[in-house]
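Right, one structure below, let's go through it.
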Amino acid sequence: MIDLIFPDGSSRPFPDGVTGRDVAASISPSLAKRAILIKLDGQVRDLERPLDKGGRIEILGRDAPEALDVIRHDTAHVLAEAVQELFPGTQVTIGPNVEDGFYYDFARDEPFSLDDLPRIEQRMREIVDRDEAIRREEVQRDAAIADFEGMGEKYKAEIIQGLPAGETITVYHQGAWKDLCRGPHLPSTRFVGKAFKLTKLAGAYWRGDQRNAQLQRIYGTAWASDEELQAYLKRIEEAEKRDHRRIGRQMDLFHLQEEGKGMVFWHPKGWTLWRALEAYMRRQLDADGYSEVKTPQLLDYSLWQRSGHAEKFGHNMFKCETEEGELLAVKPMNCPGHVQIFNMGQKSYRDLPLRMAEFGACHRYEPSGGLHGIMRVRGFTQDDAHIFCRENQIEAETTRFARLLHQVYDDLGVELQSVKLALRPELRAGSDETWDRAEAMLERAAIAAGMQVEMLPGEGAFYGPKLEFHLRDAIGRTWQCGTLQLDFVLPERLDAEYVAEDGSKQRPVMLHRAILGTFERFLGILIENVAGAFPLWLAPVQVVVATITSDADGFAEEAASKLRTAGLRVETDLRNEKINYKIREHSLAKVPVIAVVGRREAEEGKVALRRLGSTDQQIVSLDEAIAALGQEALPPDLKRRAAQ
């Protein structure tokens, strides 16, 4: 007999080998009808799998948060079965869940086309209607390898060969089809439902290595209900309209090309946007007591070995060798360089906290398939800073950083959704005692700063735990940008020290922190968040002075000159085109203000101001326009300063 403890605290004995379905049925027929999975001591398991031990049990229905991942994974299996039925000879490889959906990689000589997706979807619905039972089977390693090789599934056989000795090998049968899988899975294909859609095709390399065979990846999304699916598709449609790559082309901000994979070519307007954001961030850092520095792009590889970055990031670092035999690496991050500056000259406890900032240009190798516009690149600039402090200053510095981060996010119009405390990863530097201490101190500091944190086991940096600041954008997506990381390890490895009050030599604590994360990614997020319609202070072109007739050209040039003198970014449009055509073109380019001038405006010294997204216009004198727009175009921090 085994004892099962239910969510209400009650306990009941059950015979060995009882299934989750049996347990649900013993409570009520309606619960058994709704049940699709169970959770035993926190682990999600198949409903039909016999229980080999007692523990805390929950019966999960389709609406349980844990069910969605299983629904998506089952949908990936249904996809694989449909593909192999429709395209005999196709091999299956892996099919994991990803954010909002799943994918499956296939080995097939002939490429899939987008026209194949509706046909595959239809077969998937038929498989759901078949209500094929899903059954778990434990198999012997050698037998499983021979079985998959006999089926022509060489990739599955290779996966099994790579599993650790002694690991249980499980195969899931789905009707007559089967796949190597750890599970868990739903009782049958009927429970998958039909709230799914295949979304796109992509290429992929086996095991993510470009030296291996190229596979074909089919992406899809799946949800617990059709209402959730439709809401997601609507969100994706809106996201496509806001795609930063599309808007970047429309607004002539930047481009990317094959000769510089993952590197951004910033055009004048895009670089103007960058500089406006950088100038704003620099003012915030100056006001908050940071000293800005600049460290080299290339450093000897031995420094990265001492710091531990070579072990963790060596495969993502760009390296070069000189004729003298030196091995150099392009910096993937700024922290070791900042420690070198700290180490120059003796530091006293009176010098701490020392806040060191750098808009540091870094480079990391990202596989081509993982690159995404300016949001996932190989060359990027961090709004990076490191705070060298004493242990008793950690809480105060965390509170100070949180205040600065909130101010920046408020000024930039982004919403902070959550703060997460990422804990020790499997591959890490430092002892368990050091990690215990660091995690406890960062949690206390976060609480002292008024944060409510969600724990993320295994997601910390390799040298210490970190706070992650997650944003929510205009269409509900979340992004992790800001971070604060507590590090005892790097100061030890790179011999950073200060003279304490008692004259002893001590190691400083190092707080790694960023607010934007990287300029490239944050600007991509910002472009999509505002759909290119930047607030006036950030807009690359703030005002276009457009003429109705050519006899207003002189006044238009005069107006533009005076607006520029007032600090505004201004262009003129004197083309021999109809004014409605000009307005439409500049509206598509997301120019916030169009100042229209014709013969009458020129004679009276006035302009007709037209705002982006509005058909109304306001006729004011040129001097009034300069005063109003000049004030409106001030960055938020300068407005606050002017109001003091």
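Convention: chains lettered A, B, ... in structure tokens order; per-chain residue numbering from 1; ligands numbered from 1 as shown.
Counting only C-alpha atoms, A:Lys347 has the following residues at most 9 Å away, ignoring those fewer than 4 positions along the same chain: Phe342, Asn343, Asp351, Leu352, Glu497, Tyr498 and Val499 of chain A.
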Restricted to N, CA and C atoms, what would the selected residues look like written as an mmCIF file, in the first residue's frame?
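Listed below is the output, part_25.cif:
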```cif
data_model
loop_
_atom_site.group_PDB
_atom_site.id
_atom_site.type_symbol
_atom_site.label_atom_id
_atom_site.label_comp_id
_atom_site.auth_asym_id
_atom_site.auth_seq_id
_atom_site.Cartn_x
_atom_site.Cartn_y
_atom_site.Cartn_z
ATOM 1 N N PHE A 342 40.336 49.239 -11.295
ATOM 2 C CA PHE A 342 40.243 49.294 -9.832
ATOM 3 C C PHE A 342 41.591 48.969 -9.194
ATOM 4 N N ASN A 343 42.310 48.022 -9.794
ATOM 5 C CA ASN A 343 43.570 47.562 -9.209
ATOM 6 C C ASN A 343 44.729 48.555 -9.367
ATOM 7 N N ASP A 351 37.249 54.991 -0.259
ATOM 8 C CA ASP A 351 36.962 55.136 -1.694
ATOM 9 C C ASP A 351 35.704 54.384 -2.114
ATOM 10 N N LEU A 352 35.198 53.543 -1.208
ATOM 11 C CA LEU A 352 34.055 52.702 -1.555
ATOM 12 C C LEU A 352 32.763 53.290 -1.009
ATOM 13 N N GLU A 497 41.609 44.364 -4.181
ATOM 14 C CA GLU A 497 41.611 44.521 -2.728
ATOM 15 C C GLU A 497 41.620 45.998 -2.364
ATOM 16 N N TYR A 498 41.225 46.268 -1.118
ATOM 17 C CA TYR A 498 41.271 47.623 -0.585
ATOM 18 C C TYR A 498 41.779 47.544 0.851
ATOM 19 N N VAL A 499 42.201 48.676 1.361
ATOM 20 C CA VAL A 499 42.691 48.739 2.737
ATOM 21 C C VAL A 499 41.507 49.067 3.641
#
```
DSSP strand (DSSP E) residues within stretch 410-521 of chain A, as a ChimeraX atom specification: /A:415-422,453-456,466-472,478-487,498-499,505-506,509-518
I'd like the neighbourhood of A:Gly337 as number ranges by chain, where a residue qualifies if any of its atoms comes within 9 Å (using only C-alpha atoms), though same-chain residues fewer than 6 positions away should be ignored. A: 294-296, 299, 331
If you keep N, CA and C atoms, can you produce a file of those selected residues as a short mmCIF file (atom, residue, chain, number, x, y, z; two decimals), in the first residue's frame?
```cif
data_model
loop_
_atom_site.label_atom_id
_atom_site.label_comp_id
_atom_site.auth_asym_id
_atom_site.auth_seq_id
_atom_site.Cartn_x
_atom_site.Cartn_y
_atom_site.Cartn_z
N LYS A 294 36.79 53.71 -20.13
CA LYS A 294 36.83 53.03 -21.42
C LYS A 294 37.93 51.98 -21.35
N THR A 295 37.58 50.72 -21.67
CA THR A 295 38.56 49.64 -21.61
C THR A 295 38.81 49.07 -22.99
N PRO A 296 39.96 48.38 -23.19
CA PRO A 296 40.33 47.90 -24.53
C PRO A 296 39.37 46.86 -25.09
N LEU A 299 42.08 41.93 -25.36
CA LEU A 299 42.89 41.67 -24.17
C LEU A 299 43.51 40.28 -24.30
N LYS A 331 36.76 41.40 -26.36
CA LYS A 331 36.05 41.26 -25.08
C LYS A 331 34.57 40.94 -25.29
#
```
Nearby residues (only C-alpha atoms) at most 7 Å from A:Pro184, same-chain spacing under 4 positions excluded, as a ChimeraX atom specification: /A:44-46,70
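The residue that comes closest to A:Leu609, out of A:Val544, A:Gly630, A:Ile527, A:Arg364 and on the basis of only C-alpha atoms, is A:Val544.
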Take atom CA of A:Ala107 and atom CA of A:Arg130 and report the distance between them in Å, one decimal. 26.1 Å
Excluding same-chain residues fewer than 3 positions from A:Arg437, what lies within 12 Å of it counting only C-alpha atoms, as a ChimeraX atom specification? /A:391,423-424,430-434,440-444,464-465,486-489,509
Which of stretch 290-516 of chain A counts as helix (DSSP H, G or I) under DSSP, as a ChimeraX atom specification please? /A:301-307,309-316,335-343,349-351,368-370,391-412,432-448,489-493
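Distance check against A:Gln284 using only C-alpha atoms: of A:Val339, A:Ile447, A:Ile5, A:Ile515, the minimum falls on A:Ile515.
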Residues of stretch 35-82 of chain A within 12 Å of stretch 88-102 of chain A: nearest atom pair and distance (Å, one decimal) for each, counting only C-alpha atoms, sorted by chain and number, as a tab-separated table?
```
residue	atom	partner	partner_atom	distance
A:Leu68	CA	A:Gly101	CA	9.4
A:Asp69	CA	A:Asn97	CA	7.0
A:Val70	CA	A:Asn97	CA	8.8
A:Ile71	CA	A:Gly101	CA	9.5
A:Arg72	CA	A:Gly101	CA	6.1
A:His73	CA	A:Asn97	CA	6.0
A:Asp74	CA	A:Phe102	CA	9.6
A:Thr75	CA	A:Phe102	CA	8.0
A:Ala76	CA	A:Gly95	CA	6.0
A:His77	CA	A:Gly95	CA	7.5
A:Val78	CA	A:Gly95	CA	10.6
A:Leu79	CA	A:Gly95	CA	9.3
A:Ala80	CA	A:Val92	CA	6.8
A:Glu81	CA	A:Val92	CA	9.1
A:Ala82	CA	A:Pro88	CA	10.0
```
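Counting only C-alpha atoms and comparing A:Arg249, A:Arg472, A:Arg513, A:Arg242, the residue that lies closest to A:Ala533 is A:Arg242.
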Please report as a Markdown table every residue of stretch 266-369 of chain A lying within 10 Å of stretch 189-210 of chain A, along with the nearest atom pair and their distance in Å (one decimal), using only C-alpha atoms.
```
| residue | atom | partner | partner_atom | distance |
| --- | --- | --- | --- | --- |
| A:Pro367 | CA | A:Gln210 | CA | 8.3 |
| A:Ser368 | CA | A:Gln210 | CA | 9.2 |
| A:Gly369 | CA | A:Ala204 | CA | 7.0 |
```
Would you mind exporting C-alpha atoms of the selected residues as a compact mmCIF listing (two decimals), in the first residue's frame?
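New file selection-v5.txt:
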```txt
# COMPACT_ATOMS: atom_id res chain seq x y z
CA PRO A 367 25.19 30.97 -34.37
CA SER A 368 23.65 32.45 -37.51
CA GLY A 369 20.33 30.74 -36.86
```
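Look at stretch 169-176 of chain A: the protein and nucleic acid residues within 9 Å of it, using only C-alpha atoms and passing over chain neighbours fewer than 4 places away, are His77, Val78, Glu81, Arg130, Asp131, Glu132, Ala133, Ile134, Arg135, Arg136, Glu137, Glu138, Val139, Gln140, Arg141, Ala144, Ile160, Leu163, Leu180, Cys181, Arg182, Gly183, His185, Ser188 and Thr189 of chain A.
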Can you spit out the residues from that selection as a CSV table (one decimal), in the first residue's frame, using N, CA and C atoms?
```csv
chain,number,residue,atom,x,y,z
A,77,HIS,N,4.4,16.0,-30.9
A,77,HIS,CA,4.4,14.6,-31.3
A,77,HIS,C,3.3,14.3,-32.4
A,78,VAL,N,2.2,15.0,-32.3
A,78,VAL,CA,1.1,14.9,-33.3
A,78,VAL,C,1.7,15.4,-34.6
A,81,GLU,N,4.0,12.8,-36.1
A,81,GLU,CA,3.3,11.7,-36.7
A,81,GLU,C,2.6,12.1,-38.0
A,130,ARG,N,-8.8,10.8,-34.1
A,130,ARG,CA,-8.6,9.4,-33.9
A,130,ARG,C,-8.6,8.9,-32.4
A,131,ASP,N,-8.3,9.9,-31.6
A,131,ASP,CA,-8.2,9.6,-30.1
A,131,ASP,C,-7.2,8.4,-29.9
A,132,GLU,N,-6.0,8.6,-30.4
A,132,GLU,CA,-5.0,7.5,-30.3
A,132,GLU,C,-4.5,7.5,-28.9
A,133,ALA,N,-4.5,6.3,-28.3
A,133,ALA,CA,-4.0,6.2,-26.9
A,133,ALA,C,-2.5,6.4,-26.9
A,134,ILE,N,-2.1,7.1,-25.8
A,134,ILE,CA,-0.7,7.4,-25.6
A,134,ILE,C,-0.2,6.5,-24.4
A,135,ARG,N,0.8,5.7,-24.7
A,135,ARG,CA,1.3,4.7,-23.7
A,135,ARG,C,2.8,4.8,-23.5
A,136,ARG,N,3.2,4.8,-22.2
A,136,ARG,CA,4.6,4.9,-21.9
A,136,ARG,C,5.2,3.5,-21.8
A,137,GLU,N,6.4,3.3,-22.3
A,137,GLU,CA,7.1,2.0,-22.2
A,137,GLU,C,8.6,2.2,-21.9
A,138,GLU,N,9.1,1.5,-20.9
A,138,GLU,CA,10.5,1.5,-20.6
A,138,GLU,C,11.2,0.4,-21.4
A,139,VAL,N,12.3,0.7,-22.0
A,139,VAL,CA,12.9,-0.3,-22.9
A,139,VAL,C,14.4,-0.4,-22.6
A,140,GLN,N,15.0,-1.5,-22.9
A,140,GLN,CA,16.5,-1.7,-22.8
A,140,GLN,C,17.2,-0.8,-23.8
A,141,ARG,N,18.4,-0.3,-23.4
A,141,ARG,CA,19.1,0.6,-24.3
A,141,ARG,C,19.5,-0.1,-25.6
A,144,ALA,N,16.5,-0.6,-27.8
A,144,ALA,CA,15.9,0.6,-28.3
A,144,ALA,C,16.8,1.2,-29.5
A,160,ILE,N,20.0,8.1,-28.1
A,160,ILE,CA,20.0,7.0,-27.1
A,160,ILE,C,21.5,6.7,-26.7
A,163,LEU,N,23.0,9.0,-24.2
A,163,LEU,CA,22.4,9.1,-22.8
A,163,LEU,C,23.4,8.4,-21.8
A,180,LEU,N,11.0,8.4,-29.0
A,180,LEU,CA,11.8,8.4,-27.8
A,180,LEU,C,11.5,9.7,-27.1
A,181,CYS,N,11.1,9.6,-25.8
A,181,CYS,CA,10.7,10.7,-25.0
A,181,CYS,C,10.7,10.4,-23.5
A,182,ARG,N,11.1,11.4,-22.7
A,182,ARG,CA,11.0,11.3,-21.3
A,182,ARG,C,9.6,11.5,-20.8
A,183,GLY,N,8.7,12.2,-21.5
A,183,GLY,CA,7.4,12.5,-21.0
A,183,GLY,C,7.4,13.6,-20.1
A,185,HIS,N,3.1,12.7,-20.8
A,185,HIS,CA,2.2,13.0,-21.9
A,185,HIS,C,0.7,12.8,-21.5
A,188,SER,N,-4.4,10.5,-24.3
A,188,SER,CA,-4.6,10.2,-25.8
A,188,SER,C,-4.5,11.5,-26.6
A,189,THR,N,-4.5,11.3,-27.9
A,189,THR,CA,-4.4,12.5,-28.8
A,189,THR,C,-5.6,13.4,-28.7
```
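Our summary of the geometry notes that atom CA of A:Ser28 is positioned 16.7 Å from atom CA of A:Glu48.
Residue nearest A:Pro187 within the list A:Ala514, A:Ala35, A:Ala385, A:Val18: A:Ala35 [criterion: smallest interatomic distance, only C-alpha atoms].
Separating atom CA of A:Gln122 from atom CA of A:Gln230 is a distance of 17.7 Å.
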Taking 2 positions as the minimum chain separation for residues in the same chain, which residues sit within 12 Å of A:Ile57 when counting only C-alpha atoms? Answer as a compact mmCIF listing (two decimals) with N, CA and C atoms, in the first residue's frame.
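So selection_7.txt came out as:
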```
# COMPACT_ATOMS: atom_id res chain seq x y z
N ILE A 2 0.34 2.32 -0.59
CA ILE A 2 1.02 3.61 -0.56
C ILE A 2 0.05 4.65 0.01
N ASP A 3 0.59 5.67 0.66
CA ASP A 3 -0.22 6.75 1.21
C ASP A 3 -0.09 7.98 0.32
N LEU A 4 -1.24 8.54 -0.07
CA LEU A 4 -1.26 9.74 -0.89
C LEU A 4 -1.86 10.89 -0.09
N ILE A 5 -1.19 12.03 -0.13
CA ILE A 5 -1.63 13.22 0.61
C ILE A 5 -2.21 14.20 -0.41
N PHE A 6 -3.43 14.68 -0.17
CA PHE A 6 -4.13 15.54 -1.11
C PHE A 6 -3.93 17.02 -0.75
N PRO A 7 -4.24 17.93 -1.66
CA PRO A 7 -4.00 19.36 -1.41
C PRO A 7 -4.65 19.90 -0.15
N ASP A 8 -5.78 19.30 0.28
CA ASP A 8 -6.43 19.78 1.50
C ASP A 8 -5.78 19.23 2.77
N GLY A 9 -4.71 18.42 2.62
CA GLY A 9 -4.01 17.87 3.77
C GLY A 9 -4.46 16.48 4.17
N SER A 10 -5.57 16.01 3.61
CA SER A 10 -6.05 14.67 3.96
C SER A 10 -5.17 13.61 3.31
N SER A 11 -5.17 12.40 3.91
CA SER A 11 -4.34 11.31 3.43
C SER A 11 -5.17 10.04 3.32
N ARG A 12 -4.90 9.26 2.27
CA ARG A 12 -5.61 7.99 2.08
C ARG A 12 -4.65 6.94 1.56
N THR A 19 -3.14 3.94 -10.53
CA THR A 19 -2.83 5.01 -11.48
C THR A 19 -3.47 6.32 -11.02
N GLY A 20 -3.00 7.41 -11.62
CA GLY A 20 -3.60 8.70 -11.33
C GLY A 20 -5.07 8.73 -11.68
N ARG A 21 -5.44 8.04 -12.76
CA ARG A 21 -6.86 8.00 -13.14
C ARG A 21 -7.68 7.29 -12.07
N VAL A 23 -7.02 7.15 -8.92
CA VAL A 23 -7.13 8.04 -7.77
C VAL A 23 -8.21 9.09 -8.03
N ALA A 24 -8.21 9.68 -9.23
CA ALA A 24 -9.22 10.69 -9.56
C ALA A 24 -10.62 10.09 -9.51
N LEU A 37 -3.55 14.80 -16.15
CA LEU A 37 -2.21 14.55 -15.62
C LEU A 37 -2.31 14.52 -14.10
N ILE A 38 -1.22 14.10 -13.47
CA ILE A 38 -1.13 14.27 -12.02
C ILE A 38 0.21 14.92 -11.70
N LYS A 39 0.30 15.43 -10.47
CA LYS A 39 1.57 15.93 -9.97
C LYS A 39 1.84 15.21 -8.66
N LEU A 40 2.95 14.49 -8.60
CA LEU A 40 3.32 13.73 -7.41
C LEU A 40 4.61 14.31 -6.85
N ASP A 41 4.51 14.85 -5.62
CA ASP A 41 5.66 15.51 -4.99
C ASP A 41 6.30 16.54 -5.93
N GLY A 42 5.44 17.29 -6.63
CA GLY A 42 5.91 18.37 -7.49
C GLY A 42 6.29 17.96 -8.88
N GLN A 43 6.30 16.66 -9.20
CA GLN A 43 6.68 16.18 -10.53
C GLN A 43 5.43 15.81 -11.33
N VAL A 44 5.30 16.40 -12.52
CA VAL A 44 4.15 16.10 -13.38
C VAL A 44 4.35 14.72 -14.00
N ARG A 45 3.29 13.88 -13.95
CA ARG A 45 3.38 12.50 -14.43
C ARG A 45 2.15 12.15 -15.26
N LEU A 47 -1.17 10.40 -16.42
CA LEU A 47 -2.35 9.99 -15.67
C LEU A 47 -2.45 8.47 -15.56
N LEU A 51 1.62 4.27 -9.97
CA LEU A 51 2.41 4.97 -8.96
C LEU A 51 3.27 3.97 -8.20
N LYS A 53 5.25 4.96 -5.62
CA LYS A 53 5.51 5.48 -4.27
C LYS A 53 4.37 6.39 -3.86
N GLY A 54 4.30 6.68 -2.57
CA GLY A 54 3.32 7.62 -2.08
C GLY A 54 3.88 9.03 -2.12
N GLY A 55 3.08 9.98 -1.62
CA GLY A 55 3.53 11.36 -1.59
C GLY A 55 2.37 12.32 -1.75
N ILE A 59 -4.40 16.29 -8.77
CA ILE A 59 -5.00 15.88 -10.04
C ILE A 59 -5.10 17.13 -10.91
N LEU A 60 -4.51 17.09 -12.10
CA LEU A 60 -4.45 18.27 -12.95
C LEU A 60 -5.44 18.18 -14.10
```
Here is a test: counting only C-alpha atoms, which residue of A:Ala552, A:Asp411, A:Arg564, A:Val543 is nearest to A:Leu612? A:Val543
Measuring atom to atom with only C-alpha atoms, identify which of A:Thr483, A:Gln631, A:Thr547, A:Thr398 is nearest to A:Ala608. A:Thr547
